[in-house]
file coords-v5.txt (compact mmCIF, C-alpha atoms)
# COMPACT_ATOMS: atom_id res chain seq x y z
CA MET A 97 -3.94 20.53 3.13
CA LYS A 98 -7.60 20.74 4.17
CA ARG A 99 -7.88 24.06 2.35
CA VAL A 100 -6.38 22.51 -0.79
CA LEU A 101 -8.85 19.63 -0.66
CA HIS A 102 -11.70 22.09 -0.15
CA LEU A 103 -10.59 24.05 -3.21
CA PHE A 104 -10.49 20.86 -5.24
CA LEU A 105 -14.03 19.92 -4.25
CA VAL A 106 -15.42 23.38 -4.95
CA LEU A 107 -13.65 23.67 -8.29
CA LEU A 108 -14.70 20.17 -9.30
CA LEU A 109 -18.35 21.05 -8.71
CA LEU A 110 -17.89 24.18 -10.80
CA PHE A 111 -16.35 22.15 -13.60
CA VAL A 112 -19.06 19.51 -13.74
CA GLY A 113 -22.08 21.74 -13.26
CA GLY A 114 -23.00 20.63 -9.74
CA GLY A 115 -22.06 17.00 -10.29
CA CYS A 116 -23.54 16.22 -13.72
CA MET A 117 -20.68 15.90 -16.18
CA SER A 118 -21.07 15.75 -19.93
CA ALA A 119 -19.42 12.71 -21.50
CA GLU A 120 -17.43 15.12 -23.71
CA THR A 121 -15.83 16.92 -20.76
CA GLN A 122 -12.69 15.40 -19.28
CA ILE A 123 -11.34 16.37 -15.83
CA GLY A 124 -7.63 15.93 -15.22
CA LYS A 125 -6.00 16.11 -11.80
CA ILE A 126 -2.49 15.74 -10.42
CA SER A 127 -1.58 15.72 -6.74
CA PHE A 128 2.10 16.15 -5.91
CA GLY A 129 4.02 14.80 -2.93
CA ASP A 130 2.75 12.01 -0.70
CA PRO A 131 0.36 10.69 -1.89
CA GLY A 132 0.85 11.73 -5.51
CA VAL A 133 3.57 12.47 -8.05
CA HIS A 134 7.16 12.52 -6.73
CA PHE A 135 10.29 13.73 -8.50
CA LEU A 136 13.83 14.41 -7.26
CA SER A 137 15.14 16.37 -10.25
CA VAL A 138 14.02 18.06 -13.46
CA PRO A 139 13.27 17.53 -16.28
CA PHE A 140 10.68 14.96 -15.20
CA THR A 141 7.86 13.36 -17.23
CA PHE A 142 4.73 11.71 -15.81
CA THR A 143 1.12 10.89 -16.74
CA ASP A 144 -2.00 12.12 -14.97
CA ASN A 145 -5.29 10.35 -14.22
CA LEU A 146 -6.39 10.75 -17.86
CA ASN A 147 -3.09 9.27 -19.11
CA ASN A 148 -2.10 12.66 -20.51
CA SER A 149 1.67 13.21 -20.45
CA TRP A 150 3.28 16.15 -18.64
CA THR A 151 6.86 17.45 -18.54
CA ILE A 152 8.31 19.56 -15.72
CA ASP A 153 11.47 21.55 -16.53
CA ALA A 154 13.35 24.55 -15.19
CA GLN A 155 15.96 27.15 -16.06
CA ASN A 156 19.02 27.48 -13.82
CA LYS A 157 18.44 23.93 -12.62
CA HIS A 158 22.02 22.88 -11.88
CA ASN A 159 22.19 21.41 -8.35
CA LEU A 160 18.48 22.18 -7.95
CA ASN A 161 17.09 19.83 -5.30
CA CYS A 162 13.51 18.54 -5.36
CA LYS A 163 11.79 16.85 -2.44
CA GLY A 164 8.38 15.21 -2.00
CA LEU A 165 6.48 16.40 1.07
CA LYS A 166 4.17 14.22 3.15
CA GLU A 167 0.46 14.96 3.38
CA SER A 168 0.86 15.53 7.13
CA VAL A 169 2.87 18.70 6.38
CA GLY A 170 0.67 19.88 3.52
CA GLY A 171 1.87 17.70 0.64
CA GLY A 172 3.43 18.83 -2.61
CA VAL A 173 6.91 18.73 -4.14
CA GLN A 174 9.47 21.32 -3.12
CA ILE A 175 11.48 22.62 -6.10
CA GLY A 176 14.60 24.35 -4.82
CA SER A 177 15.21 25.57 -1.28
CA LYS A 178 15.15 28.71 0.80
CA ASN A 179 18.53 29.80 -0.59
CA ARG A 180 18.48 28.08 -3.98
CA SER A 181 15.84 28.45 -6.70
CA ALA A 182 15.32 28.05 -10.42
CA SER A 183 14.84 31.19 -12.48
CA LYS A 184 11.80 29.67 -14.22
CA ILE A 185 9.77 26.46 -13.85
CA THR A 186 7.38 25.10 -16.51
CA PHE A 187 4.69 22.41 -16.43
CA THR A 188 3.68 21.47 -20.00
CA MET A 189 1.12 19.10 -21.54
CA THR A 190 0.76 18.77 -25.33
CA PHE A 191 -2.01 17.18 -27.44
CA PRO A 192 -1.71 16.10 -31.10
CA ASP A 193 -4.72 18.27 -32.01
CA ALA A 194 -6.19 21.48 -30.64
CA ILE A 195 -8.76 21.09 -27.88
CA THR A 196 -10.83 23.50 -25.79
CA PHE A 197 -9.61 23.96 -22.21
CA LYS A 198 -12.53 25.04 -20.07
CA SER A 199 -10.74 25.62 -16.75
CA VAL A 200 -7.28 25.29 -15.24
CA VAL A 201 -6.21 25.63 -11.59
CA ALA A 202 -2.65 25.30 -10.27
CA ILE A 203 -2.04 25.34 -6.50
CA PHE A 204 1.36 26.45 -5.16
CA SER A 205 3.02 27.64 -1.97
CA GLY A 206 6.58 28.31 -0.81
CA TYR A 207 8.89 29.52 1.95
CA GLN A 208 8.45 32.74 3.92
CA THR A 209 10.78 34.45 1.45
CA THR A 210 9.24 32.95 -1.73
CA THR A 211 7.94 35.22 -4.48
CA GLY A 212 7.17 34.53 -8.13
CA ASP A 213 4.77 35.10 -11.02
CA ILE A 214 2.45 32.30 -12.20
CA THR A 215 1.14 32.30 -15.77
CA ILE A 216 -1.28 29.84 -17.40
CA THR A 217 -1.21 29.73 -21.21
CA VAL A 218 -2.96 27.67 -23.88
CA GLY A 219 -1.48 27.83 -27.37
CA GLY A 220 0.47 30.94 -26.35
CA ASP A 221 -2.66 32.73 -25.12
CA THR A 222 -2.47 33.79 -21.46
CA ILE A 223 -5.68 32.72 -19.71
CA GLY A 224 -4.73 33.07 -16.05
CA ILE A 225 -2.18 34.53 -13.62
CA GLY A 226 -1.22 34.26 -9.97
CA GLN A 227 1.34 35.59 -7.51
CA LEU A 228 3.46 33.59 -5.05
CA ASN A 229 3.71 35.28 -1.66
CA GLY A 230 5.62 33.45 1.08
CA THR A 231 4.00 30.38 2.60
CA ASN A 232 0.48 31.33 1.47
CA VAL A 233 -1.36 28.71 -0.58
CA VAL A 234 -2.03 30.29 -3.99
CA ASP A 235 -4.56 28.91 -6.47
CA ALA A 236 -3.77 30.40 -9.87
CA ARG A 237 -6.77 29.82 -12.11
CA SER A 238 -7.82 30.50 -15.69
CA ALA A 239 -10.18 33.41 -16.34
CA LYS A 240 -11.53 32.18 -19.68
CA GLU A 241 -11.76 29.20 -22.01
CA ALA A 242 -9.13 28.75 -24.72
CA SER A 243 -8.30 26.34 -27.55
CA GLY A 244 -4.89 25.00 -28.42
CA LYS A 245 -2.62 21.96 -28.55
CA ASP A 246 -0.63 22.74 -25.43
CA LEU A 247 -1.24 23.81 -21.85
CA THR A 248 1.68 25.44 -20.01
CA ILE A 249 1.89 26.62 -16.41
CA THR A 250 4.94 28.82 -15.83
CA VAL A 251 6.46 30.19 -12.63
CA SER A 252 8.97 32.99 -13.32
CA ASN A 253 10.90 35.73 -11.47
CA ILE A 254 11.35 33.24 -8.64
CA LYS A 255 12.94 33.97 -5.30
CA SER A 256 13.48 30.98 -2.94
CA GLY A 257 12.00 27.53 -3.42
CA VAL A 258 8.56 26.80 -4.88
CA ILE A 259 6.16 24.06 -3.71
CA ILE A 260 3.77 22.66 -6.34
CA LYS A 261 0.76 21.01 -4.67
CA SER A 262 -1.72 20.15 -7.41
CA ILE A 263 -3.07 20.88 -10.88
CA LEU A 264 -6.71 20.52 -11.90
CA TYR A 265 -8.01 21.10 -15.44
CA SER A 266 -10.96 20.33 -17.68
CA TYR A 267 -11.31 20.21 -21.44
CA GLU A 268 -13.62 19.13 -24.21
CA ASP A 269 -12.06 16.41 -26.34
CA GLY A 270 -14.58 16.77 -29.17
CA ASN A 271 -15.56 13.10 -28.99
CA THR A 272 -18.25 11.51 -26.87
CA ALA A 273 -16.92 8.23 -25.55
CA SER A 274 -19.41 5.39 -26.09
CA SER A 275 -17.42 2.59 -24.48
CA GLU A 276 -14.19 1.56 -22.80
CA THR A 277 -12.13 -1.56 -23.43
CA ALA A 278 -11.10 -3.96 -20.67
CA THR A 279 -8.91 -7.03 -21.12
CA ILE A 280 -8.97 -10.18 -18.97
CA SER A 281 -5.95 -12.49 -19.01
CA ALA A 282 -5.90 -16.27 -18.52
CA ALA A 283 -6.13 -15.67 -14.76
CA GLN A 284 -9.76 -14.56 -15.40
CA TRP A 285 -9.34 -11.78 -12.82
CA ALA A 286 -7.96 -8.25 -13.25
CA THR A 287 -7.93 -4.78 -11.72
CA TYR A 288 -9.11 -1.92 -13.89
CA VAL A 289 -9.15 1.88 -13.63
CA THR A 290 -12.02 3.60 -15.43
CA LYS A 291 -11.50 6.73 -17.54
CA HIS A 292 -15.23 7.44 -17.80
CA ALA A 293 -18.30 6.40 -15.87
CA VAL A 294 -19.12 2.88 -17.11
CA ASP A 295 -22.03 0.45 -16.98
CA PHE A 296 -21.59 -3.24 -16.03
CA ASN A 297 -25.34 -3.98 -15.84
CA ASN A 298 -25.47 -5.95 -19.07
CA ALA A 299 -21.81 -6.86 -19.45
CA LYS A 300 -20.50 -10.42 -19.29
CA LEU A 301 -17.70 -8.87 -17.30
CA LYS A 302 -18.40 -8.50 -13.57
CA ALA A 303 -17.05 -5.62 -11.46
CA TYR A 304 -16.36 -5.55 -7.71
CA THR A 305 -15.18 -3.12 -5.08
CA ALA A 306 -12.50 -4.39 -2.67
CA LYS A 307 -12.61 -3.61 1.05
CA PHE A 308 -9.83 -4.46 3.51
CA ASP A 309 -11.06 -5.49 6.97
CA ALA A 310 -8.19 -4.89 9.41
CA ALA A 311 -9.90 -6.73 12.29
CA ALA A 312 -10.44 -9.88 10.24
CA ASN A 313 -7.28 -9.35 8.15
CA SER A 314 -9.28 -10.13 5.03
CA ILE A 315 -10.50 -8.57 1.81
CA THR A 316 -14.17 -8.48 0.80
CA LEU A 317 -15.31 -8.12 -2.80
CA SER A 318 -18.77 -6.61 -3.38
CA PRO A 319 -20.43 -6.51 -6.82
CA VAL A 320 -21.19 -3.16 -8.47
CA LYS A 321 -23.11 -2.35 -11.64
CA GLU A 322 -22.17 1.29 -12.32
CA VAL A 323 -18.68 2.68 -11.75
CA PRO A 324 -17.74 6.39 -11.85
CA ALA A 325 -14.74 7.75 -13.76
CA ASN A 326 -11.24 7.49 -12.29
CA THR A 327 -12.12 4.53 -10.07
CA ALA A 328 -10.24 1.26 -9.54
CA VAL A 329 -12.28 -1.96 -9.43
CA VAL A 330 -11.72 -5.73 -9.63
CA LEU A 331 -13.00 -7.47 -12.77
CA LYS A 332 -14.00 -11.12 -13.27
CA GLY A 333 -14.65 -12.76 -16.60
CA ASP A 334 -13.51 -15.25 -19.19
CA THR A 335 -10.25 -14.55 -21.00
CA GLY A 336 -10.73 -11.91 -23.68
CA THR A 337 -11.31 -8.24 -24.51
CA TYR A 338 -14.58 -6.58 -23.51
CA SER A 339 -16.34 -3.40 -24.58
CA VAL A 340 -18.01 -1.73 -21.60
CA PRO A 341 -20.57 1.03 -22.35
CA CYS A 342 -19.99 4.50 -20.90
CA LEU A 343 -22.44 6.53 -18.83
CA ALA A 344 -22.85 10.29 -18.50
CA SER A 345 -22.18 9.91 -14.75
CA ALA A 346 -22.24 7.41 -11.88
CA VAL A 347 -22.48 7.70 -8.10
CA SER A 348 -19.20 7.45 -6.16
CA LEU A 349 -18.54 4.00 -4.74
CA THR A 350 -18.43 3.40 -0.98
CA ASP A 351 -16.34 0.86 0.94
CA ASN A 352 -13.75 0.61 -1.83
CA ASP A 353 -10.13 0.42 -0.69
CA LEU A 354 -8.84 -0.39 -4.17
CA THR A 355 -7.06 2.70 -5.46
CA PHE A 356 -4.29 3.77 -7.88
CA LYS A 357 -1.59 6.37 -8.42
CA ASP A 358 -1.34 8.76 -11.38
CA SER A 359 2.37 8.02 -11.91
CA GLU A 360 4.90 5.29 -11.15
CA TYR A 361 5.58 4.85 -7.44
CA LYS A 362 8.54 3.16 -5.77
CA VAL A 363 7.44 1.04 -2.82
CA THR A 364 9.15 2.04 0.43
CA SER A 365 8.03 -0.78 2.75
CA ASP A 366 7.36 -4.52 2.40
CA LYS A 367 3.81 -5.88 2.71
CA THR A 368 2.05 -2.53 2.34
CA ILE A 369 1.19 -2.30 -1.39
CA TYR A 370 -0.77 -5.32 -2.64
CA VAL A 371 -1.55 -5.90 -6.34
CA LEU A 372 -3.59 -8.57 -8.09
CA ALA A 373 -1.45 -11.32 -9.64
CA LYS A 374 -1.39 -15.03 -10.38
CA LYS A 375 1.57 -17.04 -9.12
CA GLY A 376 1.45 -20.70 -10.01
CA ASP A 377 -2.15 -21.78 -9.55
CA VAL A 378 -2.94 -19.13 -6.91
CA CYS A 379 -4.57 -15.87 -7.95
CA GLY A 380 -4.82 -13.15 -5.34
CA PHE A 381 -3.42 -9.92 -3.95
CA TYR A 382 0.35 -10.19 -3.47
CA PRO A 383 2.67 -7.59 -1.88
CA LEU A 384 5.23 -5.61 -3.85
CA ALA A 385 8.63 -5.68 -2.18
CA ASN A 386 10.47 -2.64 -0.88
CA GLY A 387 12.07 -0.94 -3.89
CA GLU A 388 9.73 -2.43 -6.50
CA THR A 389 7.80 -0.07 -8.76
CA LEU A 390 4.01 0.20 -8.81
CA PRO A 391 2.99 1.13 -12.39
CA ALA A 392 0.86 4.20 -13.03
CA ASN A 393 -2.90 3.54 -13.06
CA LYS A 394 -2.46 0.08 -11.54
CA GLY A 395 -5.07 -0.89 -8.96
CA TYR A 396 -3.72 -1.74 -5.51
CA ILE A 397 -4.75 -2.12 -1.87
CA TYR A 398 -2.77 -0.51 0.94
CA ILE A 399 -2.30 -2.64 4.07
CA PRO A 400 -1.54 -0.33 7.02
CA ASN A 401 -0.04 -2.95 9.36
CA PRO A 402 2.64 -4.97 7.52
CA SER A 403 3.56 -6.99 10.61
CA SER A 404 0.24 -8.86 10.43
CA ALA A 405 -0.22 -8.74 6.65
CA LYS A 406 -0.54 -12.02 4.79
CA SER A 407 1.84 -13.20 2.07
CA VAL A 408 -1.18 -13.42 -0.24
CA TYR A 409 -4.90 -12.69 0.00
CA ARG A 410 -6.29 -15.48 -2.16
CA LEU A 411 -9.25 -14.77 -4.40
CA ASN A 412 -10.92 -18.06 -3.50
CA ASN A 413 -10.96 -16.93 0.13
CA PHE A 414 -12.77 -13.70 -0.67
CA THR A 415 -16.37 -12.96 0.14
CA THR A 416 -18.14 -11.73 -2.97
CA GLY A 417 -21.30 -10.18 -1.62
CA ILE A 418 -22.31 -13.38 0.20
CA ARG A 419 -21.69 -11.93 3.65
CA HIS A 420 -24.27 -9.24 3.00
CA ALA A 421 -26.84 -11.67 1.57
CA VAL A 422 -26.63 -14.02 4.56
CA LYS A 423 -26.71 -11.21 7.09
CA ALA A 424 -29.86 -9.78 5.56
CA ASP A 425 -31.84 -12.97 6.26
CA THR A 426 -31.79 -13.87 9.94
CA GLN A 427 -33.51 -17.23 9.49
CA SER A 428 -31.15 -20.21 9.75
CA GLY A 429 -31.13 -23.21 7.45
CA PHE A 430 -31.12 -21.31 4.15
CA ARG A 431 -28.48 -22.12 1.55
CA TYR A 432 -26.75 -19.74 -0.86
CA ASN A 433 -24.51 -20.23 -3.88
CA LEU A 434 -21.25 -18.33 -4.47
CA ALA A 435 -23.17 -15.52 -6.19
CA GLY A 436 -25.09 -14.91 -2.94
CA GLN A 437 -28.35 -16.29 -4.37
CA ARG A 438 -30.60 -18.45 -2.21
CA VAL A 439 -30.84 -22.04 -3.51
CA SER A 440 -32.94 -25.12 -2.70
CA SER A 441 -31.82 -28.21 -0.77
CA THR A 442 -31.43 -30.10 -4.09
CA TYR A 443 -28.80 -27.63 -5.38
CA LYS A 444 -25.46 -29.28 -6.25
CA GLY A 445 -22.11 -27.51 -5.88
CA VAL A 446 -20.50 -25.12 -3.42
CA VAL A 447 -23.04 -23.68 -0.97
CA ILE A 448 -23.05 -21.56 2.17
CA GLU A 449 -25.33 -22.37 5.08
CA ASN A 450 -25.27 -20.67 8.51
CA GLY A 451 -22.02 -18.94 7.54
CA LYS A 452 -20.20 -22.18 6.58
CA LYS A 453 -19.11 -23.14 3.06
CA PHE A 454 -19.23 -26.76 1.84
CA VAL A 455 -19.77 -28.84 -1.32
CA VAL A 456 -22.99 -30.71 -2.07
CA LYS A 457 -22.51 -33.57 -4.56
call {"tool": "encode", "arguments": {"input": "coords-v5.txt", "output": "C-alpha cells"}}
result
Amino acid sequence: MKRVLHLFLVLLLLFVGGGCMSAETQIGKISFGDPGVHFLSVPFTFTDNLNNSWTIDAQNKHNLNCKGLKESVGGGVQIGSKNRSASKITFTMTFPDAITFKSVVAIFSGYQTTTGDITITVGGDTIGIGQLNGTNVVDARSAKEASGKDLTITVSNIKSGVIIKSILYSYEDGNTASSETATISAAQWATYVTKHAVDFNNAKLKAYTAKFDAAANSITLSPVKEVPANTAVVLKGDTGTYSVPCLASAVSLTDNDLTFKDSEYKVTSDKTIYVLAKKGDVCGFYPLANGETLPANKGYIYIPNPSSAKSVYRLNNFTTGIRHAVKADTQSGFRYNLAGQRVSSTYKGVVIENGKKFVVK
C-alpha cells in the first residue's frame, strides 16, 4: 500500500506541474477497498471525487464474487478468485461532450497465478497498456493525451482474480471555474466538500476545519480563509445560497479530521461515523447507526473509540479558534468574544476570561 500511495503522490505532482494546478485542469481519483469504493457484484455504478459517474462491468460474470480488501492488506477490491475469473472487466466513464484527457493511471494486482492485459482507451483510441503478472502491483498509465467523450480501462485475457486498487486521471474541461455554490439551510451550519480551491477571505460564509481531540473527547473548529480542492470543511452563515470564488490553488489544510468518501458507504459500527445534523433545537455532529448509509461526498468525522463517544457533539460546545487566541496571550485578565477577538471590560455578551465562558449583561 505504501508503494501505491507513493505512486499517487509522484503522479499527482506530475499532473499539476510540481503543485501549481491550472484552474482548467481537473484531477480525478478513486481508491478501492477500505477506505474507498466497495462493491460485491457487477455491474456497479459509483461517482468519484469530481462527481463523475463510472460503471464497472464484466463478461462471464455469473457467480463472480467481489470483495473489498482492508488497507492493512494492501486495499483494493478483488474481482473473482484464484479459481474463478471474468473473461473481461471494464471501467467506463462518459462525458456529454468531448474533453482532453491529459493522463490516466490504473493500479492493479492479483493472485500468484493472475495474468491479464490492461488497455486504456479514450474515444476508441488506445493511449496506454499494462500487463498483470501475479501479485505484482502494476500501474498501467497513458502514454499520450487524447480527446473524447469516454474513458475506458479494460482488463482482458484474464486468468485468476484481479484486484483493482485505484484510478487517477486528469483532464481539461475547457472551462475555467470562477466560483462554487454552497447552500446553508435553516440550521445555519453545514459541511461542504470543495471541487476547486476556493477563497473565503471576503465571503459572508465562514469556513472551519474540524479536529477531534481523543483525550478531551471534543471537537475543535478552527477558521480558515483558503481551502484546497477536494477538501471537507464546516460552513457557518445565514440561510441561503452563496457564491464562493475559486483560486488557482491553495495550501493543504492541517489538523482537519473532517473527511468524505467518493461513493456511498454503509456504516459497519455504531458511534464511529459522525455527520452534521440538527435534531430538535440541537445542531451538532451525530452518529450514523450501524447499517445506515453515508452519502457520497458528505463530510464526516471518524471517532476511533465508540465506547467513549458522545451521543452528540454540540456545535455550541465547540471551540472556534478561541483556544488558540487565549493560549497565545499568557497574561491573565483579558477577555475575548466568541470570534476569539480581545474585547474591553465594557463589552456586553458572551465572553471568555482565563479559559472560562460567561455572559456579561
call {"tool": "atom_distance", "arguments": {"input": "coords-v5.txt", "atom1": "CA of Tyr207 in chain A", "atom2": "CA of Tyr265 in chain A"}}
result
25.7 Å
call {"tool": "atom_distance", "arguments": {"input": "coords-v5.txt", "atom1": "CA of Phe187 in chain A", "atom2": "CA of Leu264 in chain A"}}
result
12.4 Å
call {"tool": "residues_near_point", "arguments": {"input": "coords-v5.txt", "point": "(16.3, 29.4, -4.3)", "cutoff": "8 Å", "atoms": "all atoms listed in the file", "output": "ChimeraX atom specification"}}
result
/A:176-182,254-257
call {"tool": "residues_around", "arguments": {"input": "coords-v5.txt", "residues": "Thr186 in chain A", "least_positions_apart": "5", "cutoff": "7 Å", "atoms": "only C-alpha atoms", "output": "PyMOL selection string"}}
result
chain A and resi 152-154+248-251
call {"tool": "write_last_selection", "arguments": {"input": "coords-v5.txt", "atoms": "C-alpha atoms", "output": "PDB file, in the frame of the given file"}}
result
ATOM      1  CA  ILE A 152       8.310  19.560 -15.720  1.00  0.00           C
ATOM      2  CA  ASP A 153      11.470  21.550 -16.530  1.00  0.00           C
ATOM      3  CA  ALA A 154      13.350  24.550 -15.190  1.00  0.00           C
ATOM      4  CA  THR A 248       1.680  25.440 -20.010  1.00  0.00           C
ATOM      5  CA  ILE A 249       1.890  26.620 -16.410  1.00  0.00           C
ATOM      6  CA  THR A 250       4.940  28.820 -15.830  1.00  0.00           C
ATOM      7  CA  VAL A 251       6.460  30.190 -12.630  1.00  0.00           C
TER       8      VAL A 251
END
call {"tool": "atom_distance", "arguments": {"input": "coords-v5.txt", "atom1": "CA of Asp130 in chain A", "atom2": "CA of Tyr370 in chain A"}}
result
17.8 Å
call {"tool": "closest_residue", "arguments": {"input": "coords-v5.txt", "among": "A:Gly224, A:Gly380, A:Gly124, A:Pro324", "to": "Trp285 in chain A", "atoms": "only C-alpha atoms"}}
result
A:Gly380
call {"tool": "closest_residue", "arguments": {"input": "coords-v5.txt", "among": "A:Leu372, A:Ala242, A:Ala346, A:Ile214", "to": "Thr287 in chain A", "atoms": "only C-alpha atoms"}}
result
A:Leu372
call {"tool": "residues_around", "arguments": {"input": "coords-v5.txt", "residues": "range 141-144 of chain A", "least_positions_apart": "5", "cutoff": "10 Å", "atoms": "all atoms listed in the file", "output": "PDB file with C-alpha atoms, in the coordinates of the input"}}
result
ATOM      1  CA  GLY A 124      -7.630  15.930 -15.220  1.00  0.00           C
ATOM      2  CA  LYS A 125      -6.000  16.110 -11.800  1.00  0.00           C
ATOM      3  CA  ILE A 126      -2.490  15.740 -10.420  1.00  0.00           C
ATOM      4  CA  SER A 127      -1.580  15.720  -6.740  1.00  0.00           C
ATOM      5  CA  GLY A 132       0.850  11.730  -5.510  1.00  0.00           C
ATOM      6  CA  VAL A 133       3.570  12.470  -8.050  1.00  0.00           C
ATOM      7  CA  HIS A 134       7.160  12.520  -6.730  1.00  0.00           C
ATOM      8  CA  PHE A 135      10.290  13.730  -8.500  1.00  0.00           C
ATOM      9  CA  SER A 149       1.670  13.210 -20.450  1.00  0.00           C
ATOM     10  CA  TRP A 150       3.280  16.150 -18.640  1.00  0.00           C
ATOM     11  CA  THR A 151       6.860  17.450 -18.540  1.00  0.00           C
ATOM     12  CA  ILE A 152       8.310  19.560 -15.720  1.00  0.00           C
ATOM     13  CA  ASP A 153      11.470  21.550 -16.530  1.00  0.00           C
ATOM     14  CA  PHE A 187       4.690  22.410 -16.430  1.00  0.00           C
ATOM     15  CA  THR A 188       3.680  21.470 -20.000  1.00  0.00           C
ATOM     16  CA  MET A 189       1.120  19.100 -21.540  1.00  0.00           C
ATOM     17  CA  ILE A 263      -3.070  20.880 -10.880  1.00  0.00           C
ATOM     18  CA  LYS A 357      -1.590   6.370  -8.420  1.00  0.00           C
ATOM     19  CA  ASP A 358      -1.340   8.760 -11.380  1.00  0.00           C
ATOM     20  CA  SER A 359       2.370   8.020 -11.910  1.00  0.00           C
ATOM     21  CA  GLU A 360       4.900   5.290 -11.150  1.00  0.00           C
ATOM     22  CA  ALA A 392       0.860   4.200 -13.030  1.00  0.00           C
ATOM     23  CA  ASN A 393      -2.900   3.540 -13.060  1.00  0.00           C
TER      24      ASN A 393
END
call {"tool": "residues_around", "arguments": {"input": "coords-v5.txt", "residues": "Tyr338 in chain A", "least_positions_apart": "6", "cutoff": "8 Å", "atoms": "only C-alpha atoms", "output": "list in words"}}
result
Thr277, Ala278, Thr279 and Leu301 of chain A
call {"tool": "residues_around", "arguments": {"input": "coords-v5.txt", "residues": "Asn298 in chain A", "least_positions_apart": "4", "cutoff": "12 Å", "atoms": "all atoms listed in the file", "output": "ChimeraX atom specification"}}
result
/A:294,302-303,320-322,338-342
call {"tool": "axis_aligned_box", "arguments": {"input": "coords-v5.txt", "around": "range 350-354 of chain A", "padding_each_side": "4 Å", "output": "JSON"}}
result
{"center_x": -13.6, "center_y": 1.5, "center_z": -1.6, "size_x": 17.6, "size_y": 11.8, "size_z": 13.1}
call {"tool": "closest_residue", "arguments": {"input": "coords-v5.txt", "among": "A:Asp366, A:Ile225, A:Val258, A:Asn313", "to": "Asp213 in chain A", "atoms": "only C-alpha atoms"}}
result
A:Ile225
call {"tool": "residues_around", "arguments": {"input": "coords-v5.txt", "residues": "Ser199 in chain A", "least_positions_apart": "5", "cutoff": "9 Å", "atoms": "all atoms listed in the file", "output": "NGL selection string"}}
result
:A and (111 or 237-242 or 264-267)
call {"tool": "closest_residue", "arguments": {"input": "coords-v5.txt", "among": "A:Glu388, A:Asp309, A:Glu276, A:Asp377", "to": "Leu343 in chain A", "atoms": "all atoms listed in the file"}}
result
A:Glu276
